[in-house]
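entry_4.cif follows (mmCIF, C-alpha atoms and all ligand atoms):
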data_data
loop_
_atom_site.group_PDB
_atom_site.id
_atom_site.type_symbol
_atom_site.label_atom_id
_atom_site.label_comp_id
_atom_site.auth_asym_id
_atom_site.auth_seq_id
_atom_site.Cartn_x
_atom_site.Cartn_y
_atom_site.Cartn_z
ATOM 1 C CA MET J 1 1.612 -21.314 -60.176
ATOM 2 C CA THR J 2 -0.573 -18.189 -60.047
ATOM 3 C CA GLN J 3 0.392 -14.778 -58.649
ATOM 4 C CA GLU J 4 -2.191 -15.335 -55.910
ATOM 5 C CA GLU J 5 -0.667 -18.689 -54.833
ATOM 6 C CA VAL J 6 2.812 -17.196 -54.889
ATOM 7 C CA ARG J 7 1.725 -14.226 -52.735
ATOM 8 C CA ARG J 8 0.079 -16.575 -50.244
ATOM 9 C CA LEU J 9 3.198 -18.771 -50.044
ATOM 10 C CA SER J 10 5.470 -15.769 -49.681
ATOM 11 C CA VAL J 11 3.461 -14.524 -46.712
ATOM 12 C CA GLU J 12 3.245 -18.016 -45.192
ATOM 13 C CA PHE J 13 7.025 -18.590 -45.427
ATOM 14 C CA GLU J 14 7.862 -15.124 -44.108
ATOM 15 C CA ALA J 15 7.399 -16.492 -40.605
ATOM 16 C CA ARG J 16 9.172 -19.804 -41.251
ATOM 17 C CA THR J 17 12.821 -20.880 -41.507
ATOM 18 C CA PRO J 18 14.878 -20.925 -44.716
ATOM 19 C CA GLU J 19 15.142 -24.703 -44.344
ATOM 20 C CA ALA J 20 11.327 -25.004 -44.339
ATOM 21 C CA LEU J 21 11.092 -23.025 -47.567
ATOM 22 C CA LEU J 22 13.953 -24.949 -49.167
ATOM 23 C CA SER J 23 12.366 -28.285 -48.203
ATOM 24 C CA TRP J 24 9.080 -27.185 -49.696
ATOM 25 C CA ALA J 25 10.731 -25.986 -52.943
ATOM 26 C CA LEU J 26 12.892 -29.090 -53.431
ATOM 27 C CA LYS J 27 9.892 -31.355 -52.828
ATOM 28 C CA GLU J 28 7.456 -29.314 -54.895
ATOM 29 C CA PHE J 29 9.719 -28.853 -57.941
ATOM 30 C CA GLY J 30 12.257 -31.706 -57.610
ATOM 31 C CA SER J 31 14.647 -31.939 -60.579
ATOM 32 C CA LYS J 32 12.761 -29.070 -62.208
ATOM 33 C CA SER J 33 14.376 -26.729 -59.694
ATOM 34 C CA VAL J 34 17.954 -25.491 -59.392
ATOM 35 C CA LEU J 35 19.936 -23.660 -56.764
ATOM 36 C CA ALA J 36 21.778 -20.883 -58.609
ATOM 37 C CA SER J 37 25.060 -20.125 -56.903
ATOM 38 C CA SER J 38 27.864 -17.621 -57.334
ATOM 39 C CA PHE J 39 29.431 -19.066 -54.176
ATOM 40 C CA GLY J 40 28.918 -15.936 -52.139
ATOM 41 C CA PRO J 41 28.155 -16.326 -48.402
ATOM 42 C CA GLU J 42 24.388 -16.650 -48.933
ATOM 43 C CA ASP J 43 24.910 -19.280 -51.627
ATOM 44 C CA VAL J 44 27.179 -21.489 -49.549
ATOM 45 C CA VAL J 45 24.683 -21.271 -46.662
ATOM 46 C CA LEU J 46 21.921 -22.448 -49.005
ATOM 47 C CA ILE J 47 24.100 -25.269 -50.360
ATOM 48 C CA ASP J 48 24.811 -26.438 -46.810
ATOM 49 C CA MET J 49 21.095 -26.395 -45.970
ATOM 50 C CA ALA J 50 20.026 -27.992 -49.251
ATOM 51 C CA ALA J 51 22.654 -30.767 -49.124
ATOM 52 C CA LYS J 52 21.300 -31.734 -45.689
ATOM 53 C CA ILE J 53 17.721 -31.770 -46.964
ATOM 54 C CA ASP J 54 18.300 -33.448 -50.343
ATOM 55 C CA PRO J 55 21.831 -34.372 -51.515
ATOM 56 C CA LYS J 56 20.491 -34.677 -55.059
ATOM 57 C CA VAL J 57 19.831 -30.923 -55.223
ATOM 58 C CA ARG J 58 20.903 -29.418 -58.565
ATOM 59 C CA ILE J 59 23.460 -26.638 -58.186
ATOM 60 C CA VAL J 60 24.212 -24.422 -61.175
ATOM 61 C CA THR J 61 26.818 -21.701 -61.493
ATOM 62 C CA LEU J 62 28.070 -19.320 -64.174
ATOM 63 C CA ASP J 63 31.742 -19.169 -65.076
ATOM 64 C CA THR J 64 31.964 -15.778 -66.782
ATOM 65 C CA GLY J 65 35.620 -16.284 -67.663
ATOM 66 C CA ARG J 66 36.526 -13.318 -65.399
ATOM 67 C CA LEU J 67 36.103 -14.852 -61.932
ATOM 68 C CA PRO J 68 38.650 -14.394 -59.134
ATOM 69 C CA GLU J 69 40.872 -17.384 -58.357
ATOM 70 C CA ALA J 70 39.375 -17.568 -54.843
ATOM 71 C CA THR J 71 35.935 -18.283 -56.321
ATOM 72 C CA TYR J 72 37.216 -21.423 -58.052
ATOM 73 C CA ALA J 73 38.810 -22.490 -54.781
ATOM 74 C CA VAL J 74 35.531 -22.252 -52.853
ATOM 75 C CA MET J 75 33.661 -24.064 -55.632
ATOM 76 C CA ASP J 76 36.007 -27.013 -55.310
ATOM 77 C CA ALA J 77 35.902 -26.881 -51.505
ATOM 78 C CA VAL J 78 32.092 -27.114 -51.659
ATOM 79 C CA ARG J 79 32.193 -29.922 -54.228
ATOM 80 C CA PHE J 80 34.581 -31.848 -51.973
ATOM 81 C CA LYS J 81 32.768 -31.241 -48.669
ATOM 82 C CA TYR J 82 29.242 -32.058 -49.821
ATOM 83 C CA SER J 83 29.977 -34.505 -52.690
ATOM 84 C CA VAL J 84 27.579 -32.571 -54.893
ATOM 85 C CA PRO J 85 28.000 -32.108 -58.637
ATOM 86 C CA ILE J 86 28.139 -28.487 -59.748
ATOM 87 C CA GLU J 87 26.753 -27.702 -63.190
ATOM 88 C CA VAL J 88 28.941 -24.966 -64.671
ATOM 89 C CA PHE J 89 27.604 -22.820 -67.519
ATOM 90 C CA PHE J 90 29.952 -20.777 -69.697
ATOM 91 C CA PRO J 91 29.201 -17.894 -72.078
ATOM 92 C CA GLU J 92 28.845 -18.665 -75.769
ATOM 93 C CA ALA J 93 32.404 -18.582 -77.134
ATOM 94 C CA ALA J 94 31.412 -16.788 -80.357
ATOM 95 C CA ALA J 95 29.709 -13.967 -78.424
ATOM 96 C CA VAL J 96 32.738 -13.410 -76.161
ATOM 97 C CA GLU J 97 35.076 -13.493 -79.166
ATOM 98 C CA ALA J 98 32.959 -10.916 -81.022
ATOM 99 C CA LEU J 99 32.729 -8.637 -77.964
ATOM 100 C CA THR J 100 36.440 -8.641 -77.183
ATOM 101 C CA ARG J 101 37.468 -8.253 -80.827
ATOM 102 C CA ALA J 102 35.159 -5.252 -81.238
ATOM 103 C CA LYS J 103 35.593 -3.546 -77.861
ATOM 104 C CA GLY J 104 38.565 -5.039 -76.018
ATOM 105 C CA PHE J 105 38.659 -6.525 -72.540
ATOM 106 C CA TYR J 106 37.432 -3.569 -70.461
ATOM 107 C CA SER J 107 34.486 -2.148 -72.425
ATOM 108 C CA PHE J 108 32.335 -2.479 -69.273
ATOM 109 C CA LYS J 109 34.154 0.490 -67.758
ATOM 110 C CA GLU J 110 33.116 2.816 -70.591
ATOM 111 C CA SER J 111 29.340 3.002 -70.058
ATOM 112 C CA VAL J 112 26.426 1.344 -68.249
ATOM 113 C CA GLU J 113 25.256 0.126 -71.649
ATOM 114 C CA ASN J 114 28.587 -1.577 -72.347
ATOM 115 C CA ARG J 115 28.643 -3.035 -68.856
ATOM 116 C CA LYS J 116 25.188 -4.493 -69.319
ATOM 117 C CA GLU J 117 26.246 -5.892 -72.695
ATOM 118 C CA CYS J 118 29.149 -7.749 -71.069
ATOM 119 C CA CYS J 119 26.885 -9.013 -68.243
ATOM 120 C CA ARG J 120 24.304 -10.079 -70.808
ATOM 121 C CA ILE J 121 26.843 -12.162 -72.728
ATOM 122 C CA ARG J 122 28.723 -13.578 -69.751
ATOM 123 C CA LYS J 123 25.855 -13.984 -67.248
ATOM 124 C CA VAL J 124 22.311 -13.414 -68.463
ATOM 125 C CA GLU J 125 22.446 -15.659 -71.529
ATOM 126 C CA PRO J 126 24.214 -18.557 -69.732
ATOM 127 C CA LEU J 127 21.671 -18.278 -66.885
ATOM 128 C CA LYS J 128 18.850 -18.689 -69.402
ATOM 129 C CA ARG J 129 20.443 -21.966 -70.519
ATOM 130 C CA ALA J 130 20.965 -23.020 -66.895
ATOM 131 C CA LEU J 131 17.270 -22.439 -66.144
ATOM 132 C CA ALA J 132 15.954 -23.993 -69.349
ATOM 133 C CA GLY J 133 13.261 -26.553 -68.537
ATOM 134 C CA CYS J 134 13.076 -25.473 -64.881
ATOM 135 C CA ASP J 135 9.922 -24.514 -63.024
ATOM 136 C CA ALA J 136 11.757 -22.843 -60.142
ATOM 137 C CA TRP J 137 15.109 -21.453 -59.086
ATOM 138 C CA VAL J 138 16.490 -20.798 -55.638
ATOM 139 C CA THR J 139 18.692 -17.775 -54.986
ATOM 140 C CA GLY J 140 20.543 -16.198 -52.068
ATOM 141 C CA MET J 141 19.045 -12.719 -52.514
ATOM 142 C CA ARG J 142 18.534 -10.672 -49.359
ATOM 143 C CA ARG J 143 16.576 -7.448 -48.889
ATOM 144 C CA SER J 144 19.340 -5.687 -46.988
ATOM 145 C CA GLN J 145 21.975 -6.224 -49.681
ATOM 146 C CA SER J 146 21.207 -3.065 -51.643
ATOM 147 C CA VAL J 147 18.618 -0.501 -52.677
ATOM 148 C CA THR J 148 17.721 -2.682 -55.666
ATOM 149 C CA ARG J 149 16.685 -5.643 -53.455
ATOM 150 C CA THR J 150 14.559 -4.159 -50.671
ATOM 151 C CA THR J 151 11.281 -5.656 -51.940
ATOM 152 C CA THR J 152 12.584 -9.207 -52.440
ATOM 153 C CA GLY J 153 9.893 -11.751 -51.491
ATOM 154 C CA LYS J 154 10.396 -15.258 -50.127
ATOM 155 C CA VAL J 155 8.542 -16.638 -53.148
ATOM 156 C CA GLU J 156 8.111 -14.713 -56.383
ATOM 157 C CA ILE J 157 7.200 -15.160 -59.995
ATOM 158 C CA ASP J 158 10.221 -14.262 -62.098
ATOM 159 C CA GLY J 159 8.936 -12.386 -65.123
ATOM 160 C CA SER J 160 12.451 -12.056 -66.535
ATOM 161 C CA GLN J 161 12.852 -15.863 -66.586
ATOM 162 C CA GLY J 162 9.665 -16.800 -68.394
ATOM 163 C CA GLY J 163 7.443 -16.654 -65.311
ATOM 164 C CA ILE J 164 9.066 -19.490 -63.366
ATOM 165 C CA VAL J 165 9.024 -19.426 -59.570
ATOM 166 C CA LYS J 166 11.909 -17.748 -57.753
ATOM 167 C CA VAL J 167 12.570 -18.820 -54.184
ATOM 168 C CA ASN J 168 14.631 -16.593 -51.865
ATOM 169 C CA PRO J 169 14.888 -18.399 -48.513
ATOM 170 C CA LEU J 170 17.275 -15.822 -46.985
ATOM 171 C CA ALA J 171 15.327 -12.732 -48.089
ATOM 172 C CA ASP J 172 14.842 -11.549 -44.485
ATOM 173 C CA TRP J 173 18.318 -12.438 -43.163
ATOM 174 C CA ASP J 174 20.968 -9.826 -42.557
ATOM 175 C CA GLU J 175 24.664 -10.196 -43.305
ATOM 176 C CA ALA J 176 25.574 -10.991 -39.664
ATOM 177 C CA ARG J 177 23.119 -13.877 -39.572
ATOM 178 C CA VAL J 178 24.626 -15.354 -42.748
ATOM 179 C CA TRP J 179 28.143 -15.263 -41.282
ATOM 180 C CA ASP J 180 26.935 -16.670 -38.000
ATOM 181 C CA TYR J 181 25.526 -19.683 -39.876
ATOM 182 C CA ILE J 182 28.773 -20.109 -41.863
ATOM 183 C CA LYS J 183 30.926 -20.122 -38.746
ATOM 184 C CA LYS J 184 28.624 -22.370 -36.695
ATOM 185 C CA ASN J 185 28.312 -24.929 -39.482
ATOM 186 C CA GLN J 186 31.897 -24.654 -40.774
ATOM 187 C CA VAL J 187 30.728 -23.924 -44.281
ATOM 188 C CA PRO J 188 33.500 -23.262 -46.866
ATOM 189 C CA TYR J 189 33.514 -19.620 -48.010
ATOM 190 C CA ASN J 190 35.352 -17.389 -50.433
ATOM 191 C CA ARG J 191 38.546 -16.210 -48.708
ATOM 192 C CA LEU J 192 38.289 -12.766 -50.322
ATOM 193 C CA PHE J 193 35.728 -12.062 -47.590
ATOM 194 C CA ASP J 194 38.638 -12.084 -45.134
ATOM 195 C CA GLN J 195 40.177 -9.208 -47.124
ATOM 196 C CA GLY J 196 37.343 -6.662 -46.903
ATOM 197 C CA TYR J 197 35.157 -7.896 -49.757
ATOM 198 C CA ARG J 198 31.407 -8.063 -48.978
ATOM 199 C CA SER J 199 29.967 -9.116 -52.355
ATOM 200 C CA ILE J 200 31.942 -10.874 -55.071
ATOM 201 C CA GLY J 201 31.330 -11.136 -58.787
ATOM 202 C CA CYS J 202 33.818 -10.913 -61.638
ATOM 203 C CA ASP J 203 37.364 -9.988 -60.696
ATOM 204 C CA PRO J 204 37.659 -6.688 -62.611
ATOM 205 C CA CYS J 205 34.224 -5.502 -61.404
ATOM 206 C CA THR J 206 34.638 -6.217 -57.688
ATOM 207 C CA ARG J 207 36.659 -4.521 -54.984
ATOM 208 C CA ALA J 208 36.828 -4.566 -51.200
ATOM 209 C CA VAL J 209 34.548 -2.041 -49.457
ATOM 210 C CA LYS J 210 35.355 0.617 -46.894
ATOM 211 C CA GLU J 211 33.766 0.823 -43.465
ATOM 212 C CA GLY J 212 30.252 2.277 -43.638
ATOM 213 C CA GLU J 213 29.800 1.497 -47.338
ATOM 214 C CA ASP J 214 26.832 -0.458 -48.692
ATOM 215 C CA GLU J 215 27.325 -4.256 -48.943
ATOM 216 C CA ARG J 216 27.368 -4.102 -52.728
ATOM 217 C CA ALA J 217 29.376 -0.872 -52.960
ATOM 218 C CA GLY J 218 32.333 -2.889 -54.257
ATOM 219 C CA ARG J 219 30.411 -4.105 -57.305
ATOM 220 C CA TRP J 220 30.728 -1.819 -60.391
ATOM 221 C CA TRP J 221 31.756 0.915 -57.951
ATOM 222 C CA TRP J 222 32.046 3.462 -60.748
ATOM 223 C CA GLU J 223 28.261 3.275 -61.389
ATOM 224 C CA ASN J 224 25.190 4.846 -59.753
ATOM 225 C CA PRO J 225 23.740 2.439 -57.053
ATOM 226 C CA GLU J 226 20.390 2.103 -58.915
ATOM 227 C CA HIS J 227 22.201 0.472 -61.862
ATOM 228 C CA LYS J 228 23.975 -2.162 -59.815
ATOM 229 C CA GLU J 229 22.340 -5.325 -61.070
ATOM 230 C CA CYS J 230 23.760 -7.554 -63.777
ATOM 231 C CA GLY J 231 20.374 -8.568 -65.196
ATOM 232 C CA LEU J 232 20.090 -11.856 -63.288
ATOM 233 C CA HIS J 233 17.737 -10.392 -60.695
ATOM 234 C CA ASN J 234 15.375 -7.979 -62.391
ATOM 235 C CA ARG J 235 12.537 -6.833 -60.135
ATOM 236 C CA PRO J 236 9.724 -6.087 -62.620
ATOM 237 C CA GLY J 237 7.298 -8.997 -62.992
ATOM 238 C CA SER J 238 8.201 -10.529 -59.637
ATOM 239 C CA GLY J 239 4.666 -10.261 -58.397
ATOM 240 C CA GLN J 240 5.998 -8.483 -55.320
ATOM 241 C CA PRO J 241 5.227 -4.974 -54.148
ATOM 242 C CA LYS J 242 7.817 -2.600 -55.622
HETATM 243 S S1 LIG J 301 30.563 -8.346 -63.851
HETATM 244 FE FE1 LIG J 301 31.982 -7.218 -65.201
HETATM 245 S S2 LIG J 301 33.268 -8.749 -66.279
HETATM 246 FE FE2 LIG J 301 31.538 -9.806 -65.284
HETATM 247 S S3 LIG J 301 30.035 -10.023 -66.860
HETATM 248 FE FE3 LIG J 301 29.495 -8.117 -65.776
HETATM 249 S S4 LIG J 301 30.621 -6.441 -66.782
HETATM 250 FE FE4 LIG J 301 31.472 -8.395 -67.538
#
Please express what this file holds, its structure, as structure tokens.
Amino acid sequence: MTQEEVRRLSVEFEARTPEALLSWALKEFGSKSVLASSFGPEDVVLIDMAAKIDPKVRIVTLDTGRLPEATYAVMDAVRFKYSVPIEVFFPEAAAVEALTRAKGFYSFKESVENRKECCRIRKVEPLKRALAGCDAWVTGMRRSQSVTRTTTGKVEIDGSQGGIVKVNPLADWDEARVWDYIKKNQVPYNRLFDQGYRSIGCDPCTRAVKEGEDERAGRWWWENPEHKECGLHNRPGSGQPK
């Protein structure tokens, strides 16, 4: 798919519903597409929509080995409710062993470089395997989540994933709209969201946020906001205005 086609589609779907974009993506790319989920609120909304459109949708997730217990609980709740298989990808054991032997279990607190190294081993590399052979992936990214996501398009070319298509059906939704959908459709969600969490990743790198803080303020809270991406959603090469 060319940059021009992707730009045209992104503009076209800006005015349409997430379900319309999901339907298009699942039909266009079929088994060569995956819905990548960390089982956050946006992801469970997309799973609910996708399961209603095509129950054969492929759902992939990354088990970093450091997830909160509540994340496993929502994964199983989703598996049970929608009868969908969930393809779980783990980090390479040898890489995790080497990292922890050399630097211990909390090296990510020492520097941005160390944090990115841990994310690369536990997230970025497994995602590459999860997307291998795919022509498109669907994510729950939204523009209002953080300063690093304000230019997210509905359809993009993902330069960091070999130029495959990235589909973001909820790009223009705000947090309230996501929760409204969850409540109306009785979608299972991570119970940590009832305890002040607003974005959930690995257990040691996530905390609840205070009133008035950014949605992703509880992720790597010791870092500068511009650094707060784990490498799964790099903006350069997206084909979108920066
Ligand atoms: S979020 Fe934290 S524990 Fe998880 S992969 Fe990144 S640095 Fe490592």
For ligand LIG 301 (chain J), list the contacting residues at 12 Å or closer, counting all atoms listed in the file, as a VMD selection string.
chain J and resid 38 62 to 68 90 to 91 96 99 to 100 104 to 127 199 to 207 218 to 223 227 to 232
Filtering to C-alpha atoms, could you give me those residues as a PDB file, keeping the file's coordinate frame?
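What follows is the written file result.pdb:
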ATOM      1  CA  SER J  38      27.864 -17.621 -57.334  1.00  0.00           C
ATOM      2  CA  LEU J  62      28.070 -19.320 -64.174  1.00  0.00           C
ATOM      3  CA  ASP J  63      31.742 -19.169 -65.076  1.00  0.00           C
ATOM      4  CA  THR J  64      31.964 -15.778 -66.782  1.00  0.00           C
ATOM      5  CA  GLY J  65      35.620 -16.284 -67.663  1.00  0.00           C
ATOM      6  CA  ARG J  66      36.526 -13.318 -65.399  1.00  0.00           C
ATOM      7  CA  LEU J  67      36.103 -14.852 -61.932  1.00  0.00           C
ATOM      8  CA  PRO J  68      38.650 -14.394 -59.134  1.00  0.00           C
ATOM      9  CA  PHE J  90      29.952 -20.777 -69.697  1.00  0.00           C
ATOM     10  CA  PRO J  91      29.201 -17.894 -72.078  1.00  0.00           C
ATOM     11  CA  VAL J  96      32.738 -13.410 -76.161  1.00  0.00           C
ATOM     12  CA  LEU J  99      32.729  -8.637 -77.964  1.00  0.00           C
ATOM     13  CA  THR J 100      36.440  -8.641 -77.183  1.00  0.00           C
ATOM     14  CA  GLY J 104      38.565  -5.039 -76.018  1.00  0.00           C
ATOM     15  CA  PHE J 105      38.659  -6.525 -72.540  1.00  0.00           C
ATOM     16  CA  TYR J 106      37.432  -3.569 -70.461  1.00  0.00           C
ATOM     17  CA  SER J 107      34.486  -2.148 -72.425  1.00  0.00           C
ATOM     18  CA  PHE J 108      32.335  -2.479 -69.273  1.00  0.00           C
ATOM     19  CA  LYS J 109      34.154   0.490 -67.758  1.00  0.00           C
ATOM     20  CA  GLU J 110      33.116   2.816 -70.591  1.00  0.00           C
ATOM     21  CA  SER J 111      29.340   3.002 -70.058  1.00  0.00           C
ATOM     22  CA  VAL J 112      26.426   1.344 -68.249  1.00  0.00           C
ATOM     23  CA  GLU J 113      25.256   0.126 -71.649  1.00  0.00           C
ATOM     24  CA  ASN J 114      28.587  -1.577 -72.347  1.00  0.00           C
ATOM     25  CA  ARG J 115      28.643  -3.035 -68.856  1.00  0.00           C
ATOM     26  CA  LYS J 116      25.188  -4.493 -69.319  1.00  0.00           C
ATOM     27  CA  GLU J 117      26.246  -5.892 -72.695  1.00  0.00           C
ATOM     28  CA  CYS J 118      29.149  -7.749 -71.069  1.00  0.00           C
ATOM     29  CA  CYS J 119      26.885  -9.013 -68.243  1.00  0.00           C
ATOM     30  CA  ARG J 120      24.304 -10.079 -70.808  1.00  0.00           C
ATOM     31  CA  ILE J 121      26.843 -12.162 -72.728  1.00  0.00           C
ATOM     32  CA  ARG J 122      28.723 -13.578 -69.751  1.00  0.00           C
ATOM     33  CA  LYS J 123      25.855 -13.984 -67.248  1.00  0.00           C
ATOM     34  CA  VAL J 124      22.311 -13.414 -68.463  1.00  0.00           C
ATOM     35  CA  GLU J 125      22.446 -15.659 -71.529  1.00  0.00           C
ATOM     36  CA  PRO J 126      24.214 -18.557 -69.732  1.00  0.00           C
ATOM     37  CA  LEU J 127      21.671 -18.278 -66.885  1.00  0.00           C
ATOM     38  CA  SER J 199      29.967  -9.116 -52.355  1.00  0.00           C
ATOM     39  CA  ILE J 200      31.942 -10.874 -55.071  1.00  0.00           C
ATOM     40  CA  GLY J 201      31.330 -11.136 -58.787  1.00  0.00           C
ATOM     41  CA  CYS J 202      33.818 -10.913 -61.638  1.00  0.00           C
ATOM     42  CA  ASP J 203      37.364  -9.988 -60.696  1.00  0.00           C
ATOM     43  CA  PRO J 204      37.659  -6.688 -62.611  1.00  0.00           C
ATOM     44  CA  CYS J 205      34.224  -5.502 -61.404  1.00  0.00           C
ATOM     45  CA  THR J 206      34.638  -6.217 -57.688  1.00  0.00           C
ATOM     46  CA  ARG J 207      36.659  -4.521 -54.984  1.00  0.00           C
ATOM     47  CA  GLY J 218      32.333  -2.889 -54.257  1.00  0.00           C
ATOM     48  CA  ARG J 219      30.411  -4.105 -57.305  1.00  0.00           C
ATOM     49  CA  TRP J 220      30.728  -1.819 -60.391  1.00  0.00           C
ATOM     50  CA  TRP J 221      31.756   0.915 -57.951  1.00  0.00           C
ATOM     51  CA  TRP J 222      32.046   3.462 -60.748  1.00  0.00           C
ATOM     52  CA  GLU J 223      28.261   3.275 -61.389  1.00  0.00           C
ATOM     53  CA  HIS J 227      22.201   0.472 -61.862  1.00  0.00           C
ATOM     54  CA  LYS J 228      23.975  -2.162 -59.815  1.00  0.00           C
ATOM     55  CA  GLU J 229      22.340  -5.325 -61.070  1.00  0.00           C
ATOM     56  CA  CYS J 230      23.760  -7.554 -63.777  1.00  0.00           C
ATOM     57  CA  GLY J 231      20.374  -8.568 -65.196  1.00  0.00           C
ATOM     58  CA  LEU J 232      20.090 -11.856 -63.288  1.00  0.00           C
TER      59      LEU J 232
END
Using all atoms listed in the file, which of the listed residues (J:Ala25, J:Ala95, J:Ala208, J:Ala217) sits closest to Val138 in chain J?
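Smallest distance to Val138 in chain J is found for J:Ala25.
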With only C-alpha atoms as the atoms that count, which of J:Lys32, J:Arg79, J:Lys183, J:Lys154 lies nearest to Glu14 in chain J?
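Between J:Lys32, J:Arg79, J:Lys183, J:Lys154, the residue approaching Glu14 in chain J most closely is J:Lys154.
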Which polymer residues, whether protein, DNA or RNA, lie within 12 Å of the coordinate (2.2, -12.9, -54.1) when you count only C-alpha atoms? List them as a PyMOL selection string, using the chain letters and numbers from the file.
chain J and resi 1-14+151-158+165-167+237-242
Just to be explicit: take each residue in the selection above, keep C-alpha atoms, and write the result as a PDB file, keeping the file's coordinate frame.
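Output file out-v8.pdb follows:
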ATOM      1  CA  MET J   1       1.612 -21.314 -60.176  1.00  0.00           C
ATOM      2  CA  THR J   2      -0.573 -18.189 -60.047  1.00  0.00           C
ATOM      3  CA  GLN J   3       0.392 -14.778 -58.649  1.00  0.00           C
ATOM      4  CA  GLU J   4      -2.191 -15.335 -55.910  1.00  0.00           C
ATOM      5  CA  GLU J   5      -0.667 -18.689 -54.833  1.00  0.00           C
ATOM      6  CA  VAL J   6       2.812 -17.196 -54.889  1.00  0.00           C
ATOM      7  CA  ARG J   7       1.725 -14.226 -52.735  1.00  0.00           C
ATOM      8  CA  ARG J   8       0.079 -16.575 -50.244  1.00  0.00           C
ATOM      9  CA  LEU J   9       3.198 -18.771 -50.044  1.00  0.00           C
ATOM     10  CA  SER J  10       5.470 -15.769 -49.681  1.00  0.00           C
ATOM     11  CA  VAL J  11       3.461 -14.524 -46.712  1.00  0.00           C
ATOM     12  CA  GLU J  12       3.245 -18.016 -45.192  1.00  0.00           C
ATOM     13  CA  PHE J  13       7.025 -18.590 -45.427  1.00  0.00           C
ATOM     14  CA  GLU J  14       7.862 -15.124 -44.108  1.00  0.00           C
ATOM     15  CA  THR J 151      11.281  -5.656 -51.940  1.00  0.00           C
ATOM     16  CA  THR J 152      12.584  -9.207 -52.440  1.00  0.00           C
ATOM     17  CA  GLY J 153       9.893 -11.751 -51.491  1.00  0.00           C
ATOM     18  CA  LYS J 154      10.396 -15.258 -50.127  1.00  0.00           C
ATOM     19  CA  VAL J 155       8.542 -16.638 -53.148  1.00  0.00           C
ATOM     20  CA  GLU J 156       8.111 -14.713 -56.383  1.00  0.00           C
ATOM     21  CA  ILE J 157       7.200 -15.160 -59.995  1.00  0.00           C
ATOM     22  CA  ASP J 158      10.221 -14.262 -62.098  1.00  0.00           C
ATOM     23  CA  VAL J 165       9.024 -19.426 -59.570  1.00  0.00           C
ATOM     24  CA  LYS J 166      11.909 -17.748 -57.753  1.00  0.00           C
ATOM     25  CA  VAL J 167      12.570 -18.820 -54.184  1.00  0.00           C
ATOM     26  CA  GLY J 237       7.298  -8.997 -62.992  1.00  0.00           C
ATOM     27  CA  SER J 238       8.201 -10.529 -59.637  1.00  0.00           C
ATOM     28  CA  GLY J 239       4.666 -10.261 -58.397  1.00  0.00           C
ATOM     29  CA  GLN J 240       5.998  -8.483 -55.320  1.00  0.00           C
ATOM     30  CA  PRO J 241       5.227  -4.974 -54.148  1.00  0.00           C
ATOM     31  CA  LYS J 242       7.817  -2.600 -55.622  1.00  0.00           C
TER      32      LYS J 242
END
Report the distance between CA of Asp76 in chain J and CA of Arg143 in chain J in Å, rounded to one decimal place.
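Interatomic distance here is 28.3 Å.
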Name the closest residue to Thr150 in chain J among the candidates J:Leu192, J:Glu97, J:Arg129, J:Ala171; distances are taken between atoms, counting only C-alpha atoms.
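Going through J:Leu192, J:Glu97, J:Arg129, J:Ala171 one by one, the smallest distance to Thr150 in chain J is for J:Ala171.
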Using all atoms listed in the file, pick whichever of J:Val88, J:Val45, J:Leu131, J:Ala50 has the shortest atom-to-atom distance to Ile182 in chain J.
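Of J:Val88, J:Val45, J:Leu131, J:Ala50, the one nearest Ile182 in chain J, counting all atoms listed in the file, is J:Val45.
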Straight-line distance linking CA of Lys210 in chain J with CA of Ser144 in chain J, stated in Å to one decimal:
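These atoms are spaced 17.2 Å apart.
Straight-line separation from CA of Asp48 in chain J to CA of Gln186 in chain J: 9.5 Å.
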Test item: the PyMOL selection byres (((chain J and resi 70) around 8) and not hetatm) resolved as a PyMOL selection string
chain J and resi 68-69+71-74+190-192
